[in-house]
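Enquirer: Right, I'll just put the structure down here and ask away after.
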Amino acid sequence: MSSPEKSAFFIPDPAIIRKSRVPDYDRLYAASVADPSAFWENLSKELLFHTPPKKILDWSPRSFEGRWLVGAMGNICENALDRHVHDGFANKAALIWVGDRGEEDIYTYGRLLDQTSRFAHILKELGVGKGDRVTIYLPPTPFQVIAMLACARLGAVHSVVFSGFSAMALKSRLEDFEPKVLVTADCGFRRGKRIPLLETARAARRGIASLTCTVVVPREASPLLLEPGERSLPDLMSEVRFSGPLTPVPVSCDDPLFVLYTSGTTGKPKGVVHVQLGYMLGTYATARYIFDLQDSDVYFCVADPGWITGHSYIVYGPLLNRATVLLCEGTPDYPDAGRHWSLIERHRVSIYYSTPTTIRLQMRLGDSWPAGYDLSSLRILGSVGEPLNPEAWHWIHRVTGGKLPLMDTWWQTETGMIMITPLPSTPLKPGSAGRPFPGVEADVVDHSGHPVRPGETGMVVIRTPWPSMFRTVYGDPERYRKYWTEIPGLYFSGDSARKDDDGSFFLLGRVDDVIKVAGHRLGTAEIESALITHPKIAEAAAIGKPDELRGEIIKVFIVLRPHALSEPPHRDEIKQHVRLELGGIAEPHEIDIVLSLPKTRSGKIMRRVLKAREMGLPEGDLSTMED
Ligand code: PRX
C-alpha cells in the first residue's frame with residue numbers, strides 16, 4: 001500500500017496563484033504566527049465596528065479564555081447585510097434558494113435586509129432583546145437564515161436545531177437552552193416527502209416553561225390551525241407596525257451569537273457557545289481566503305444551516321463577504337442523481353463546497369451524471385466533515401475538469417472556522433487537508449503534547465487561540481476546560497492525524513467515542529442512552545464501523561432484559577425507537593443481540609474491543625477486562 005505522504009502533488013495554475021489573495025502561503029503563514037495580533041488586526045479593519053477594538057486578543061492561559069477584539073462594539077448582521085446595502089449592493093443577489101420540490105426564490109441584499117429587519121422587529125415585539133435566547137427549528141429555507149440574522153441583529157442568541165432531529169432530541173435541546181421563543185415551520189420537505197415539523201415542535205415544547213411564544217412560518221398554502229401560544233409569521237408581519245429598519249444592536253466581544261448543540265463523549269449533547277465579534281472575524285477571513293469570494297461568484301455549500309458548516313459557510317462567512325449564496329433543500333440524489341450538477345449548470349455556480357459522503361454517492365451514481373451538465377462555471381471545490389479519501393478526491397477533481405483547486409477543509413463546531421486547509425494558490429495532495437490557515441497553530445502531538453515526527457500518528461491540537469474559538473460549553477464550563485487540559489495547555493480536537501515532511505495534515509478520524517456517519521457527528525453514549533430507554537433493552541454499546549459510502553455506519557450491540565429473552569424486539573422496532581429518540585441520522589444500521597458486553601473491571605464498556613472484533617483486528621491489551 002502506498003503511504004499517503006507519497007501521493008502526487010497538484011500544482012495550481014500560475015494564473016490562479018497570481019490572482020490569489022494569498023499568492024505566497026509560506027510567507028503569510030510565517031508572518032501570521034510571528035505576530036498573530038497584527039495579522040488578525042489587519043483583517044478586522046475590513047469589518048465595520050461602532051467602536052474599534054482596543055486590543056485584538058486578551059488570552060488567559062489559566063482559564064483558557066480567549067477574548068478577541070476587546071473593547072470593540074459592533075454587530076455581525078450589520079456587517080453581513082447593511083454594510084453591503086450601504087455600499088450600493090442592495091440589488092445584488094444574496095441568497096438563491098432552491099426547495100426540495102423545485103421551488104426557487106431569490107433574495108437580494110436589499111430584500112434580505114428588509115426581511116431580517118422585519119423579523120427582528122417581530123422578535124422584539126415578542127419580548128426578545130439582547131442576550132435573550134431563541135431556538136430555530138426550521139428547514140433549510142430563507143427564513144431559517146433570516147431568523148438567525150434577526151437574532152444577531154438584536155444581540156439575541158440563536159440555537160438552530162437541525163430539522164431532521166426528533167421531538168426528543170429537540171426537547172433535550174430546549175430543556176438545556178431554555179429559549180424565550182421557538183421559531184418553526186408547518187413542515188419541511190425531503191425527497192418529496194412532507195416532514196411535519198410543527199407536530200414535532202409541539203411534542204417537544206411540552207413542559208418548557210421558558211417559552212412564551214412559538215412563531216410558525218407557513219410553508220404550505222393551507223391555513224394553519226394554531227394552538228395557544230403559537231403565532232403565524234404572516235399574522236405577526238401584518239400586525240407589527242414597521243417604522244423603518246430596526247437598528248442593529250451593537251454588542252461587545254463577550255456577547256454570544258449562538259449556541260449549537262453537538263455530540264461529545266457523554267450522553268447529552270453539549271451546547272457550543274460562539275460570540276459575535278470573534279466569530280465574525282474568523283468566518284469572514286477564512287471564507288475570503290479559502291473560497292476567494294468575488295462579486296461574480298455563485299457559491300454553493302451543500303450543508304444545512306442547522307449545522308456549523310451552514311452557520312459559518314452558508315450564512316455568516318459568505319454574507320460577510322457579500323457573496324451570492326445558493327441554499328438548497330433536499331438531497332443530492334433527488335429528484336435524480338443530477339441534482340447538484342443541474343443546479344451548478346443552471347445557476348452558474350463557481351464555488352462548490354461539498355462533503356465526502358456526497359462526493360462518494362455521486363461517484364457511485366456514475367460519471368454520466370456530471371458529464372451530462374455544463375460545469376464550466378466551477379472554479380473552486382471544497383469538502384468538509386470527514387476525511388476525503390484519495391479515490392473520491394480524484395473522482396470529483398476529474399469530473400469537474402481536472403484542474404480545479406480542491407479545498408479539503410478540516411475544522412469543528414467548536415473551532416467555528418476552518419483551521420486546516422489548502423488555499424486556491426497552494427499545492428494539493430489528494431487525501432490531505434493541507435496546512436493550517438494563517439494565524440492558526442495546529443500540530444500533531446503525543447499524549448504529553450510533544451510534536452510527533454513526520455509520518456507518525458498523533459493527536460490534532462491547536463496551540464494558540466483563534467478568533468472564532470468557542471467560548472464555553474453552555475451551562476457547563478468544566479466541559480470547556482476539558483478540551484484544554486487533556487493535553488495540558490493545548491486545545492485537543494479529539495482527532496488523530498499525521499503530517500508529512502512538508503507539514504501537510506492527513507486526518508485519520510476521531511480517537512474518542514464520537515462517530516461520524518455521513519459527516520454527521522454522533523456520540524456513542526448518546527445512541528446507547530437512547531437504546532436503553534427501550535423497555536426490552538438492558539445494556540447497549542455503539543460503535544462506528546467503516547463504510548465505503550458514509551465513512552462510518554452505526555453498529556450496535558444490545559443485551560436484552562431477562563423478560564425479553566423469549567420475545568426479543570424486532571430490529572426494525574429498535575431502529576424506529578432510536579429514530580424517535582434522536583432522529584433519522586442516529587438510526588443504527590446493524591444490530592447484534594448479545595449475551596454480554598466486554599467491560600473493564602470498573603464497568604466501562606470496551607467499545608474498542610467490539611470494534612476490533614467487528615473488523616477482524618487484534619483486540620489489543622485486555623488486561624483491564626473483567627472475566
Ligand atoms: O473528525 C473531524 C471531522 O469532523 C469533526 C467535527 O465535526 P463537527 O463538529 O460536526 O463539524 C463538522 C464540520 C466542520 C472533526 O473533529 N472532520 C471535519 N472536517 C474534516 C474532518 N475529518 C477529516 N477531514 C476533514 N476535512
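FYI, nothing fancy with the C-alpha cells labels: chains A, B, ... in order, residues from 1 per chain, ligands from 1 as they appear.
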Sort by chain and increasing residue number a table of all residues of chain A within 8 Å of ligand 1, each with its closest pair of atoms and their distance in Å to one decimal, counting only C-alpha atoms and all ligand atoms, and write it as a tab-separated table.

Expert:
```
residue	atom	partner	partner_atom_place_in_ligand_line	distance
A:Thr262	CA	ligand 1	9 (O)	6.5
A:Ser263	CA	ligand 1	10 (O)	7.9
A:Trp307	CA	ligand 1	10 (O)	7.1
A:Ile308	CA	ligand 1	13 (C)	6.0
A:Thr309	CA	ligand 1	13 (C)	5.3
A:Ser383	CA	ligand 1	26 (N)	6.3
A:Val384	CA	ligand 1	26 (N)	4.4
A:Gly385	CA	ligand 1	18 (C)	3.5
A:Glu386	CA	ligand 1	22 (N)	3.5
A:Pro387	CA	ligand 1	23 (C)	3.5
A:Leu388	CA	ligand 1	24 (N)	6.2
A:Asp408	CA	ligand 1	26 (N)	5.0
A:Thr409	CA	ligand 1	26 (N)	4.2
A:Trp410	CA	ligand 1	26 (N)	3.6
A:Trp411	CA	ligand 1	14 (C)	4.6
A:Gln412	CA	ligand 1	9 (O)	3.8
A:Thr413	CA	ligand 1	9 (O)	3.6
A:Glu414	CA	ligand 1	9 (O)	6.4
A:Gly416	CA	ligand 1	14 (C)	7.7
A:Met417	CA	ligand 1	14 (C)	7.8
A:Ile418	CA	ligand 1	14 (C)	7.3
A:Ile420	CA	ligand 1	26 (N)	7.9
A:Thr421	CA	ligand 1	26 (N)	7.7
A:Ser432	CA	ligand 1	24 (N)	7.8
A:Ala433	CA	ligand 1	26 (N)	5.7
A:Ser493	CA	ligand 1	16 (O)	5.9
A:Gly494	CA	ligand 1	16 (O)	6.0
A:Asp495	CA	ligand 1	16 (O)	5.4
A:Phe506	CA	ligand 1	24 (N)	7.8
A:Leu507	CA	ligand 1	23 (C)	5.0
A:Leu508	CA	ligand 1	23 (C)	6.7
A:Gly509	CA	ligand 1	1 (O)	5.0
A:Arg510	CA	ligand 1	1 (O)	5.1
A:Lys516	CA	ligand 1	4 (O)	6.9
A:Gly519	CA	ligand 1	4 (O)	6.6
A:His520	CA	ligand 1	10 (O)	5.8
A:Arg521	CA	ligand 1	10 (O)	4.7
```

Enquirer: Let me see the file: selected residues, N, CA and C atoms, as a compact mmCIF listing (two decimals), in the first residue's frame.

Expert:
```
# COMPACT_ATOMS: atom_id res chain seq x y z
N THR A 262 -23.80 19.86 19.88
CA THR A 262 -23.07 18.84 19.14
C THR A 262 -22.75 17.68 20.06
N SER A 263 -22.43 16.54 19.45
CA SER A 263 -22.23 15.34 20.25
C SER A 263 -20.82 15.26 20.79
N TRP A 307 -26.37 22.97 10.81
CA TRP A 307 -25.07 22.50 11.31
C TRP A 307 -24.07 23.64 11.29
N ILE A 308 -22.92 23.42 11.92
CA ILE A 308 -21.93 24.51 11.96
C ILE A 308 -21.48 24.91 10.56
N THR A 309 -21.37 23.95 9.63
CA THR A 309 -20.92 24.32 8.28
C THR A 309 -21.88 25.35 7.68
N SER A 383 -14.51 20.53 0.44
CA SER A 383 -15.06 19.35 1.11
C SER A 383 -14.89 19.53 2.61
N VAL A 384 -15.81 18.96 3.37
CA VAL A 384 -15.73 19.08 4.83
C VAL A 384 -16.52 17.98 5.51
N GLY A 385 -16.14 17.68 6.75
CA GLY A 385 -16.97 16.84 7.62
C GLY A 385 -16.35 15.52 7.98
N GLU A 386 -15.51 14.97 7.13
CA GLU A 386 -14.87 13.67 7.37
C GLU A 386 -13.72 13.60 6.38
N PRO A 387 -12.84 12.63 6.54
CA PRO A 387 -11.72 12.56 5.61
C PRO A 387 -12.21 12.31 4.17
N LEU A 388 -11.61 13.01 3.25
CA LEU A 388 -11.92 12.80 1.83
C LEU A 388 -10.86 11.84 1.29
N ASP A 408 -9.91 20.73 0.88
CA ASP A 408 -10.36 19.75 1.88
C ASP A 408 -10.16 20.43 3.23
N THR A 409 -11.25 20.92 3.79
CA THR A 409 -11.15 21.80 4.97
C THR A 409 -11.42 21.03 6.25
N TRP A 410 -10.52 21.14 7.20
CA TRP A 410 -10.71 20.48 8.49
C TRP A 410 -11.06 21.53 9.55
N TRP A 411 -12.12 21.26 10.27
CA TRP A 411 -12.50 22.12 11.39
C TRP A 411 -13.61 21.45 12.16
N GLN A 412 -14.21 22.15 13.13
CA GLN A 412 -15.20 21.55 14.03
C GLN A 412 -16.22 22.59 14.49
N THR A 413 -17.31 22.10 15.05
CA THR A 413 -18.30 23.01 15.64
C THR A 413 -17.60 23.96 16.62
N GLU A 414 -16.69 23.42 17.39
CA GLU A 414 -16.00 24.21 18.42
C GLU A 414 -15.10 25.28 17.82
N GLY A 416 -15.44 26.81 14.99
CA GLY A 416 -16.25 27.86 14.35
C GLY A 416 -15.80 28.20 12.95
N MET A 417 -14.52 28.11 12.70
CA MET A 417 -13.98 28.43 11.37
C MET A 417 -13.05 27.31 10.91
N ILE A 418 -12.76 27.30 9.62
CA ILE A 418 -11.84 26.32 9.04
C ILE A 418 -10.44 26.56 9.63
N ILE A 420 -7.58 23.94 9.20
CA ILE A 420 -6.53 23.32 8.38
C ILE A 420 -7.10 23.16 6.98
N THR A 421 -6.37 23.65 6.00
CA THR A 421 -6.95 23.68 4.65
C THR A 421 -5.91 24.06 3.61
N SER A 432 -5.24 14.87 1.67
CA SER A 432 -4.72 15.74 2.73
C SER A 432 -5.54 17.02 2.83
N ALA A 433 -5.72 17.48 4.08
CA ALA A 433 -6.41 18.75 4.30
C ALA A 433 -5.42 19.92 4.28
N SER A 493 -8.54 18.38 19.82
CA SER A 493 -9.72 18.30 18.94
C SER A 493 -10.48 16.99 19.04
N GLY A 494 -9.81 15.93 19.56
CA GLY A 494 -10.45 14.61 19.53
C GLY A 494 -10.11 13.83 18.27
N ASP A 495 -9.34 14.44 17.36
CA ASP A 495 -8.97 13.78 16.10
C ASP A 495 -7.52 13.30 16.13
N PHE A 506 -2.79 14.77 7.28
CA PHE A 506 -3.66 13.69 6.81
C PHE A 506 -4.50 13.27 8.01
N LEU A 507 -5.78 13.64 7.98
CA LEU A 507 -6.66 13.37 9.12
C LEU A 507 -7.08 11.91 9.11
N LEU A 508 -7.11 11.32 10.31
CA LEU A 508 -7.37 9.88 10.37
C LEU A 508 -8.67 9.52 11.10
N GLY A 509 -9.33 10.51 11.68
CA GLY A 509 -10.60 10.19 12.35
C GLY A 509 -10.54 10.50 13.84
N ARG A 510 -11.64 10.22 14.53
CA ARG A 510 -11.75 10.55 15.95
C ARG A 510 -11.05 9.50 16.79
N LYS A 516 -18.65 9.45 13.11
CA LYS A 516 -19.03 10.35 12.02
C LYS A 516 -19.76 9.55 10.97
N GLY A 519 -20.69 12.27 7.74
CA GLY A 519 -20.29 13.62 8.17
C GLY A 519 -21.04 14.11 9.40
N HIS A 520 -22.11 13.41 9.80
CA HIS A 520 -22.85 13.83 11.00
C HIS A 520 -22.14 13.30 12.23
N ARG A 521 -22.08 14.14 13.23
CA ARG A 521 -21.33 13.79 14.43
C ARG A 521 -22.28 13.22 15.48
```

Enquirer: Can you pull out every residue within 10 Å of stretch 597-613 of chain A, counting only C-alpha atoms, but drop anything in the same chain fewer than 4 positions away, and send it as a list in words?

Expert: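 So, after excluding close chain neighbours, the residues are Asp513, Thr524, Glu539, Ala540, Ala541, Ala542, Ile543, Gly544, Lys545, Pro546, Lys555, Val556, Phe557, Ile558, Val559, Leu617, Pro618, Glu619, Gly620, Asp621, Leu622, Ser623, Thr624, Met625, Glu626 and Asp627 of chain A.
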
Enquirer: Just how far from atom CA of A:Ile136 is atom CA of A:His158, in Å to one decimal?

Expert: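 Atom CA of A:Ile136 lies at a distance of 6.9 Å from atom CA of A:His158.
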
Enquirer: Pick out the closest residue to A:Gly102 from this set: A:His589, A:Arg190, A:Lys180, A:Lys55. Count only C-alpha atoms.

Expert: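 Checking each of A:His589, A:Arg190, A:Lys180, A:Lys55 against A:Gly102, counting only C-alpha atoms, the winner is A:Arg190.
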
Enquirer: Residues within 9 Å of A:Glu41, please, as a ChimeraX atom specification. Count only C-alpha atoms; anything in the same chain fewer than 3 positions from it doesn't count.

Expert: /A:36-38,44-45,53,55-56,69

Enquirer: Generate the output file for the selected residues, N, CA, C and O atoms, as a PDB file, in the first residue's frame.

Expert:
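Once everything was written out, this is result07.pdb:
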```pdb
ATOM      1  N   PRO A  36       0.454  37.172  15.484  1.00  0.00           N
ATOM      2  CA  PRO A  36      -0.962  36.905  15.171  1.00  0.00           C
ATOM      3  C   PRO A  36      -1.848  38.132  15.349  1.00  0.00           C
ATOM      4  O   PRO A  36      -2.773  38.342  14.566  1.00  0.00           O
ATOM      5  N   SER A  37      -1.555  38.951  16.359  1.00  0.00           N
ATOM      6  CA  SER A  37      -2.418  40.118  16.589  1.00  0.00           C
ATOM      7  C   SER A  37      -2.412  41.031  15.371  1.00  0.00           C
ATOM      8  O   SER A  37      -3.457  41.533  14.953  1.00  0.00           O
ATOM      9  N   ALA A  38      -1.218  41.238  14.795  1.00  0.00           N
ATOM     10  CA  ALA A  38      -1.133  42.123  13.623  1.00  0.00           C
ATOM     11  C   ALA A  38      -1.893  41.509  12.449  1.00  0.00           C
ATOM     12  O   ALA A  38      -2.618  42.210  11.731  1.00  0.00           O
ATOM     13  N   SER A  44      -9.399  42.618  10.631  1.00  0.00           N
ATOM     14  CA  SER A  44     -10.547  43.205  11.339  1.00  0.00           C
ATOM     15  C   SER A  44     -10.861  44.599  10.798  1.00  0.00           C
ATOM     16  O   SER A  44     -11.992  45.066  10.887  1.00  0.00           O
ATOM     17  N   LYS A  45      -9.857  45.234  10.201  1.00  0.00           N
ATOM     18  CA  LYS A  45     -10.089  46.598   9.682  1.00  0.00           C
ATOM     19  C   LYS A  45     -11.009  46.589   8.470  1.00  0.00           C
ATOM     20  O   LYS A  45     -11.506  47.627   8.059  1.00  0.00           O
ATOM     21  N   PRO A  53     -11.761  47.898  18.107  1.00  0.00           N
ATOM     22  CA  PRO A  53     -11.155  47.180  19.240  1.00  0.00           C
ATOM     23  C   PRO A  53      -9.971  47.939  19.826  1.00  0.00           C
ATOM     24  O   PRO A  53      -9.226  48.592  19.098  1.00  0.00           O
ATOM     25  N   LYS A  55      -7.885  46.182  21.859  1.00  0.00           N
ATOM     26  CA  LYS A  55      -6.877  45.135  21.929  1.00  0.00           C
ATOM     27  C   LYS A  55      -7.393  43.959  21.108  1.00  0.00           C
ATOM     28  O   LYS A  55      -8.576  43.617  21.214  1.00  0.00           O
ATOM     29  N   ILE A  56      -6.517  43.339  20.326  1.00  0.00           N
ATOM     30  CA  ILE A  56      -7.000  42.261  19.459  1.00  0.00           C
ATOM     31  C   ILE A  56      -7.310  41.011  20.276  1.00  0.00           C
ATOM     32  O   ILE A  56      -8.344  40.382  20.102  1.00  0.00           O
ATOM     33  N   LEU A  69     -10.944  40.994  20.049  1.00  0.00           N
ATOM     34  CA  LEU A  69     -11.486  42.321  19.701  1.00  0.00           C
ATOM     35  C   LEU A  69     -12.018  43.019  20.954  1.00  0.00           C
ATOM     36  O   LEU A  69     -13.150  43.520  20.986  1.00  0.00           O
TER      37      LEU A  69
END
```

Enquirer: Determine, counting only C-alpha atoms, which protein, DNA and RNA residues have an atom within 12 Å of an atom of A:Val578; residues of the same chain fewer than 2 positions away are not included. Present the result as a count of residues only.

Expert: 33
